[in-house]
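To start, the structure itself, in structure tokens.
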Amino acid sequence: MLSIEWTANGGWHAPRITPYQNFSLDPATCVFHYAFAAFDGLKAYKDSSNNTRLFRPDMNMQRLNKSSARIALPAFNGDALIELIDQLLKVDERWIPKERGYSLYIRPTMIGTQKTLGVGPPGSALLYVITSPVGPYYPTGFKAINLEATDYAVRAWPGGVGDKKLAANYAPCIVPQRAAASRGFQQNLWLFGEEEYITEVGTMNLFAVIKTKDGQRELVTAPLDGTILEGVTRDSILTLARERLEPQGWKISERKFTMKELADAADDGRLLEVFGAGTAAVVSPVRNIGWKGRLVNCGLHDHEEVGPVTLQMKNWIEDIQYGVEESIWR
């Protein structure tokens with residue numbers, strides 16, 4: 001593991017790569033009481049030449065810096081941390097799986113470590129990175145999930161911190177997720193406001209493939225309005241779609257859209273696909289959305305687990321991640 005201490009007086013201390021070990025923290029450490037904790041997640045892959053590859057780590061560094069700054073934790077040099085992660089990966093190289101679909105998950109985390117019960121900017125912090133091998137999110141192939149449209153609990157709101165990867169954003173989502181599971185749904189589809197705007201699904205960004213009323217195919221996702229996490233996979237899908245689908249006549253949109261709009265499109269046979277997008281699964285196809293006592297079908301037939309656009313996005317991104325396709329994305 002990699003660890004770097006920071007103090008208000010001394011700045012960043014020398015980085016250390018050590019065996020995985022426990023931390024010793026005072027019971028009054030501020031992270032325990034006031035949630036001074038931010039994290040990010042990325043993966044290392046092996047290509048066919050056995051080279052280790054990362055996928056757009058600069059975006060993860062930028063996001064972690066934004067998240068940390070929002071809770072008064074110190075900024076760090078993103079390029080320097082990527083170099084240190086490269087050094088850690090050389091030590092942990094034997095743990096990086098070689099098969100496609102497998103990878104080494106990398107979790108950089110920053111916590112406030114000042115020993116105080118007073119509420120204020122931490123005078124000390126710890127930035128550390130741990131890793132773990134992970135297998136395919138769907139080991140036996142795609143399995144489309146069912147979502148419960150959730151309006152009784154709110155994941156994020158304007159002026160809040162829903163666009164940051166803060167530890168405090170995640171624990172409050174567990175109870176609604178457990179409630180949805182008790183009703184047979186795998187995840188929550190977070191709605192916002194009286195308009196029931198669609199925001200995110202579980203901890204992933206959400207995309208919908210819709211045929212507009214004039215017959216144009218549209219790939220749509222919610223805009224980055226401060227309530228939506230700036231997903232690396234989200235940005236990658238939008239970039240690839242604009243490069244490869246727009247020339248085919250597609251409309252690629254970042255706009256507000258409502259649950260009613262999705263339901264109306266489904267009723268008209270215009271809702272073609274819905275999928276979540278994130279680091280863990282790349283994409284996660286959706287079969288149905290439970291909303292107002294009905295199931296809204298998201299375009300999949302009973303014998304299908306994934307739609308063509310969802311599968312295409314997965315293949316395009318994985319081809320870059322595993323070095324099958326050369327890209328400017330490191």
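Labels used: A, B, ... for chains in the order of the structure tokens, numbers from 1 for residues in each chain, and numbers from 1 for ligands as shown.
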
Can you build me a table of segment 208-287 of chain A residues sitting at most 7 Å from segment 298-314 of chain A, with the closest atom pair per residue and its distance in Å to one decimal, using only C-alpha atoms, sorted by chain and residue number, as a Markdown table?
| residue | atom | partner | partner_atom | distance |
| --- | --- | --- | --- | --- |
| A:Ile237 | CA | A:Met313 | CA | 6.6 |
| A:Ala266 | CA | A:Cys298 | CA | 6.7 |
| A:Leu271 | CA | A:Gly299 | CA | 5.8 |
| A:Leu272 | CA | A:Gly299 | CA | 4.5 |
| A:Glu273 | CA | A:Gly299 | CA | 5.2 |
| A:Val274 | CA | A:Cys298 | CA | 5.9 |
| A:Phe275 | CA | A:Thr310 | CA | 6.7 |
| A:Val282 | CA | A:Lys314 | CA | 6.1 |
| A:Val283 | CA | A:Lys314 | CA | 6.2 |
| A:Pro285 | CA | A:Val306 | CA | 5.6 |
| A:Val286 | CA | A:Cys298 | CA | 6.5 |
| A:Arg287 | CA | A:Cys298 | CA | 5.3 |

Find the residues near Thr113 of chain A: any atom within 7 Å, counting only C-alpha atoms, skip ones fewer than 2 places away on the same chain, and give them as a tab-separated table (two decimals) with C-alpha atoms, in the first residue's frame.
chain	number	residue	atom	x	y	z
A	29	THR	CA	-9.61	11.59	15.12
A	30	CYS	CA	-11.82	13.92	13.10
A	31	VAL	CA	-12.58	11.43	10.32
A	111	ILE	CA	-8.92	11.24	5.43
A	115	LYS	CA	-7.09	14.48	16.98
A	122	PRO	CA	-8.12	19.29	9.74
A	124	SER	CA	-3.35	16.78	9.43
A	125	ALA	CA	-4.43	14.29	6.80
A	126	LEU	CA	-3.49	10.96	5.28

Using only C-alpha atoms, which residues sit within 12 Å of segment 243-246 of chain A once same-chain residues fewer than 2 positions away are excluded, as number ranges by chain? A: 209, 216-219, 236-241, 248-253, 309, 312-313, 316

Store the residues of this selection in a file with N, CA and C atoms, as a CSV table (one decimal), in the first residue's frame.
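Contents of the output file again_18.csv:
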chain,number,residue,atom,x,y,z
A,209,VAL,N,-31.5,5.3,-24.0
A,209,VAL,CA,-31.5,5.3,-25.5
A,209,VAL,C,-33.0,5.4,-25.9
A,216,GLN,N,-35.5,10.3,-34.6
A,216,GLN,CA,-34.1,10.3,-34.4
A,216,GLN,C,-33.7,9.5,-33.1
A,217,ARG,N,-32.6,8.8,-33.2
A,217,ARG,CA,-32.1,8.1,-32.0
A,217,ARG,C,-31.3,9.0,-31.1
A,218,GLU,N,-31.6,9.0,-29.8
A,218,GLU,CA,-31.0,9.9,-28.9
A,218,GLU,C,-30.4,9.1,-27.7
A,219,LEU,N,-29.1,9.4,-27.4
A,219,LEU,CA,-28.5,8.9,-26.1
A,219,LEU,C,-28.5,10.0,-25.2
A,236,SER,N,-16.4,9.1,-20.8
A,236,SER,CA,-15.9,8.3,-21.9
A,236,SER,C,-17.0,7.8,-22.9
A,237,ILE,N,-18.2,7.5,-22.3
A,237,ILE,CA,-19.3,7.1,-23.2
A,237,ILE,C,-19.7,8.3,-24.0
A,238,LEU,N,-19.9,9.4,-23.4
A,238,LEU,CA,-20.3,10.6,-24.2
A,238,LEU,C,-19.3,11.0,-25.3
A,239,THR,N,-18.0,10.9,-24.9
A,239,THR,CA,-17.0,11.2,-25.9
A,239,THR,C,-17.0,10.2,-27.1
A,240,LEU,N,-17.1,8.9,-26.8
A,240,LEU,CA,-17.1,7.9,-27.9
A,240,LEU,C,-18.4,8.1,-28.7
A,241,ALA,N,-19.5,8.3,-28.0
A,241,ALA,CA,-20.8,8.5,-28.7
A,241,ALA,C,-20.7,9.7,-29.7
A,248,GLN,N,-23.5,9.0,-37.4
A,248,GLN,CA,-24.5,8.1,-38.0
A,248,GLN,C,-25.9,8.7,-37.8
A,249,GLY,N,-26.0,10.0,-37.3
A,249,GLY,CA,-27.3,10.7,-37.2
A,249,GLY,C,-27.9,10.7,-35.8
A,250,TRP,N,-27.1,10.2,-34.8
A,250,TRP,CA,-27.6,10.1,-33.4
A,250,TRP,C,-27.5,11.5,-32.8
A,251,LYS,N,-28.4,11.7,-31.8
A,251,LYS,CA,-28.4,12.9,-31.0
A,251,LYS,C,-27.8,12.5,-29.6
A,252,ILE,N,-26.7,13.2,-29.2
A,252,ILE,CA,-26.1,12.9,-27.9
A,252,ILE,C,-26.4,14.0,-27.0
A,253,SER,N,-27.1,13.8,-25.9
A,253,SER,CA,-27.7,14.8,-25.1
A,253,SER,C,-27.2,14.7,-23.6
A,309,VAL,N,-26.6,-1.1,-28.0
A,309,VAL,CA,-25.8,0.1,-27.6
A,309,VAL,C,-25.1,-0.1,-26.3
A,312,GLN,N,-22.2,-2.3,-27.1
A,312,GLN,CA,-21.2,-1.6,-27.9
A,312,GLN,C,-20.3,-0.7,-27.0
A,313,MET,N,-21.0,0.0,-26.1
A,313,MET,CA,-20.2,0.9,-25.2
A,313,MET,C,-19.2,0.1,-24.4
A,316,TRP,N,-16.3,-1.0,-26.7
A,316,TRP,CA,-15.5,0.1,-27.1
A,316,TRP,C,-14.5,0.5,-25.9

10 Å contact set for Gly226 of chain A, only C-alpha atoms, chain neighbours under 5 positions out, as a PyMOL selection string: chain A and resi 156-164

Which distance in Å separates atom CA of Arg70 of chain A and atom CA of Ala167 of chain A, to one decimal? 12.3 Å

Please report, as an MDAnalysis selection string, each residue of segment 25-242 of chain A to which DSSP assigns strand (DSSP E or B) when run on this structure's backbone. chainID A and resid 29 37:39 42:46 52:54 103:112 115 124:134 145:150 166 187:192 197:201 204:211 217:221

So which residues touch segment 39-55 of chain A within 8 Å, counting only C-alpha atoms, skipping near sequence neighbours fewer than 3 positions away, as a CSV table (one decimal) with C-alpha atoms, in the first residue's frame?
chain,number,residue,atom,x,y,z
A,60,ASN,CA,-9.6,10.4,-11.1
A,63,ARG,CA,-12.0,14.4,-9.1
A,64,LEU,CA,-10.3,13.3,-5.9
A,67,SER,CA,-13.8,16.0,-3.5
A,96,ILE,CA,-2.9,-7.8,-11.7
A,97,PRO,CA,-5.0,-10.4,-13.6
A,98,LYS,CA,-4.2,-11.0,-17.2
A,99,GLU,CA,-7.6,-12.1,-18.5
A,102,TYR,CA,-10.3,-9.0,-14.7
A,103,SER,CA,-8.3,-6.1,-13.3
A,104,LEU,CA,-6.7,-4.7,-10.2
A,105,TYR,CA,-8.9,-2.2,-8.4
A,106,ILE,CA,-7.1,0.8,-7.1
A,107,ARG,CA,-8.7,2.8,-4.2
A,108,PRO,CA,-7.0,6.2,-3.4
A,109,THR,CA,-8.5,7.7,-0.2
A,110,MET,CA,-7.9,10.8,1.8
A,165,LYS,CA,-17.0,11.2,-4.0
A,166,LEU,CA,-17.3,11.7,-0.3
A,167,ALA,CA,-17.7,8.8,2.1
A,279,THR,CA,-16.0,1.9,-13.0
A,320,ILE,CA,-9.2,0.8,-24.9
A,321,GLN,CA,-8.7,-0.4,-21.4
A,322,TYR,CA,-7.0,-3.7,-22.4
A,323,GLY,CA,-4.9,-2.1,-25.2
A,324,VAL,CA,-6.8,-3.8,-28.1
A,329,TRP,CA,-6.5,7.8,-23.0
A,330,ARG,CA,-3.7,6.3,-20.9

Looking at A:Phe185, A:Thr203, A:Ile210, A:Arg255, which one is nearest to Asp268 of chain A, with distances taken over only C-alpha atoms? A:Ile210

Tell me which protein, DNA and RNA residues are within 7 Å of Ala149 of chain A, counting only C-alpha atoms, leaving out same-chain ones fewer than 6 positions away, and put them as JSON, numbers by chain. {"A": [188, 189, 190, 191, 289, 290, 291]}

Residues of the last selection are to be written out with N, CA and C atoms, as a short mmCIF file (atom, residue, chain, number, x, y, z; two decimals), in the first residue's frame.
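What landed in selection_24.cif:
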data_model
loop_
_atom_site.label_atom_id
_atom_site.label_comp_id
_atom_site.auth_asym_id
_atom_site.auth_seq_id
_atom_site.Cartn_x
_atom_site.Cartn_y
_atom_site.Cartn_z
N ASN A 188 -31.75 1.49 -6.59
CA ASN A 188 -32.62 2.67 -6.62
C ASN A 188 -32.33 3.51 -7.86
N LEU A 189 -33.37 4.01 -8.47
CA LEU A 189 -33.23 5.06 -9.47
C LEU A 189 -33.62 6.35 -8.77
N TRP A 190 -32.64 7.20 -8.52
CA TRP A 190 -32.86 8.39 -7.71
C TRP A 190 -33.57 9.47 -8.52
N LEU A 191 -34.75 9.85 -8.07
CA LEU A 191 -35.50 10.94 -8.70
C LEU A 191 -35.36 12.20 -7.85
N ILE A 289 -38.20 -0.57 -14.63
CA ILE A 289 -38.17 0.42 -13.55
C ILE A 289 -39.54 0.41 -12.88
N GLY A 290 -39.55 0.15 -11.57
CA GLY A 290 -40.79 0.22 -10.82
C GLY A 290 -41.12 1.66 -10.49
N TRP A 291 -42.31 2.11 -10.94
CA TRP A 291 -42.69 3.53 -10.76
C TRP A 291 -44.20 3.64 -10.65
#

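Distance-wise, atom CA of Leu127 of chain A and atom CA of Asp235 of chain A end up 25.5 Å apart.
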
Which of these residues is nearest to Pro136 of chain A, using only C-alpha atoms: A:Glu318, A:Asp225, A:Glu261, A:Asp86? A:Glu318

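Between Asp267 of chain A and the candidates A:Arg294, A:Arg94, A:Arg234, A:Arg242, the tightest atom-to-atom separation, counting only C-alpha atoms, involves A:Arg294.
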
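The coordinates place atom CA of Asp214 of chain A at 29.2 Å from atom CA of Asn315 of chain A.
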
Select, from A:Ala265, A:Tyr137, A:Ala72, A:Glu148, the residue with the minimum atom-to-atom distance to Lys292 of chain A, counting only C-alpha atoms. A:Glu148

If you run DSSP on the backbone here, which positions in segment 74-209 of chain A get alpha helix (DSSP H)? Please write them as a ChimeraX atom specification. /A:78-91,174-182

Selection to disk with N, CA and C atoms, as a PDB file, in the first residue's frame:
ATOM      1  N   GLY A  78      -1.683  15.712  -8.884  1.00  0.00           N
ATOM      2  CA  GLY A  78      -2.248  14.519  -9.488  1.00  0.00           C
ATOM      3  C   GLY A  78      -1.243  13.717 -10.286  1.00  0.00           C
ATOM      4  N   ASP A  79      -0.396  14.402 -11.065  1.00  0.00           N
ATOM      5  CA  ASP A  79       0.605  13.686 -11.864  1.00  0.00           C
ATOM      6  C   ASP A  79       1.587  12.936 -10.967  1.00  0.00           C
ATOM      7  N   ALA A  80       1.959  13.567  -9.847  1.00  0.00           N
ATOM      8  CA  ALA A  80       2.887  12.909  -8.921  1.00  0.00           C
ATOM      9  C   ALA A  80       2.244  11.677  -8.295  1.00  0.00           C
ATOM     10  N   LEU A  81       0.942  11.762  -7.960  1.00  0.00           N
ATOM     11  CA  LEU A  81       0.285  10.599  -7.377  1.00  0.00           C
ATOM     12  C   LEU A  81       0.166   9.463  -8.394  1.00  0.00           C
ATOM     13  N   ILE A  82      -0.088   9.795  -9.658  1.00  0.00           N
ATOM     14  CA  ILE A  82      -0.128   8.746 -10.690  1.00  0.00           C
ATOM     15  C   ILE A  82       1.225   8.050 -10.781  1.00  0.00           C
ATOM     16  N   GLU A  83       2.304   8.811 -10.711  1.00  0.00           N
ATOM     17  CA  GLU A  83       3.641   8.205 -10.742  1.00  0.00           C
ATOM     18  C   GLU A  83       3.847   7.280  -9.546  1.00  0.00           C
ATOM     19  N   LEU A  84       3.368   7.699  -8.388  1.00  0.00           N
ATOM     20  CA  LEU A  84       3.499   6.855  -7.195  1.00  0.00           C
ATOM     21  C   LEU A  84       2.638   5.597  -7.320  1.00  0.00           C
ATOM     22  N   ILE A  85       1.455   5.738  -7.903  1.00  0.00           N
ATOM     23  CA  ILE A  85       0.611   4.562  -8.129  1.00  0.00           C
ATOM     24  C   ILE A  85       1.300   3.606  -9.100  1.00  0.00           C
ATOM     25  N   ASP A  86       1.976   4.149 -10.119  1.00  0.00           N
ATOM     26  CA  ASP A  86       2.747   3.295 -11.029  1.00  0.00           C
ATOM     27  C   ASP A  86       3.808   2.501 -10.266  1.00  0.00           C
ATOM     28  N   GLN A  87       4.459   3.153  -9.313  1.00  0.00           N
ATOM     29  CA  GLN A  87       5.462   2.452  -8.505  1.00  0.00           C
ATOM     30  C   GLN A  87       4.805   1.363  -7.652  1.00  0.00           C
ATOM     31  N   LEU A  88       3.657   1.666  -7.088  1.00  0.00           N
ATOM     32  CA  LEU A  88       2.935   0.667  -6.295  1.00  0.00           C
ATOM     33  C   LEU A  88       2.535  -0.520  -7.164  1.00  0.00           C
ATOM     34  N   LEU A  89       2.119  -0.254  -8.398  1.00  0.00           N
ATOM     35  CA  LEU A  89       1.702  -1.332  -9.294  1.00  0.00           C
ATOM     36  C   LEU A  89       2.871  -2.227  -9.682  1.00  0.00           C
ATOM     37  N   LYS A  90       4.067  -1.678  -9.722  1.00  0.00           N
ATOM     38  CA  LYS A  90       5.237  -2.525  -9.987  1.00  0.00           C
ATOM     39  C   LYS A  90       5.449  -3.516  -8.843  1.00  0.00           C
ATOM     40  N   VAL A  91       5.199  -3.046  -7.623  1.00  0.00           N
ATOM     41  CA  VAL A  91       5.324  -3.933  -6.456  1.00  0.00           C
ATOM     42  C   VAL A  91       4.200  -4.972  -6.453  1.00  0.00           C
ATOM     43  N   ILE A 174     -27.825   3.279   1.830  1.00  0.00           N
ATOM     44  CA  ILE A 174     -27.957   1.847   2.083  1.00  0.00           C
ATOM     45  C   ILE A 174     -29.376   1.476   2.496  1.00  0.00           C
ATOM     46  N   VAL A 175     -29.993   2.268   3.372  1.00  0.00           N
ATOM     47  CA  VAL A 175     -31.349   1.939   3.834  1.00  0.00           C
ATOM     48  C   VAL A 175     -32.349   1.963   2.678  1.00  0.00           C
ATOM     49  N   PRO A 176     -32.374   3.003   1.820  1.00  0.00           N
ATOM     50  CA  PRO A 176     -33.271   2.943   0.665  1.00  0.00           C
ATOM     51  C   PRO A 176     -32.969   1.773  -0.274  1.00  0.00           C
ATOM     52  N   GLN A 177     -31.696   1.448  -0.426  1.00  0.00           N
ATOM     53  CA  GLN A 177     -31.348   0.317  -1.288  1.00  0.00           C
ATOM     54  C   GLN A 177     -31.860  -0.986  -0.693  1.00  0.00           C
ATOM     55  N   ARG A 178     -31.745  -1.116   0.613  1.00  0.00           N
ATOM     56  CA  ARG A 178     -32.246  -2.319   1.279  1.00  0.00           C
ATOM     57  C   ARG A 178     -33.767  -2.399   1.175  1.00  0.00           C
ATOM     58  N   ALA A 179     -34.429  -1.242   1.268  1.00  0.00           N
ATOM     59  CA  ALA A 179     -35.891  -1.220   1.128  1.00  0.00           C
ATOM     60  C   ALA A 179     -36.299  -1.621  -0.284  1.00  0.00           C
ATOM     61  N   ALA A 180     -35.568  -1.133  -1.291  1.00  0.00           N
ATOM     62  CA  ALA A 180     -35.869  -1.515  -2.670  1.00  0.00           C
ATOM     63  C   ALA A 180     -35.651  -3.010  -2.876  1.00  0.00           C
ATOM     64  N   ALA A 181     -34.584  -3.536  -2.289  1.00  0.00           N
ATOM     65  CA  ALA A 181     -34.296  -4.971  -2.420  1.00  0.00           C
ATOM     66  C   ALA A 181     -35.413  -5.817  -1.813  1.00  0.00           C
ATOM     67  N   SER A 182     -35.999  -5.338  -0.717  1.00  0.00           N
ATOM     68  CA  SER A 182     -37.083  -6.094  -0.074  1.00  0.00           C
ATOM     69  C   SER A 182     -38.310  -6.190  -0.966  1.00  0.00           C
TER      70      SER A 182
END
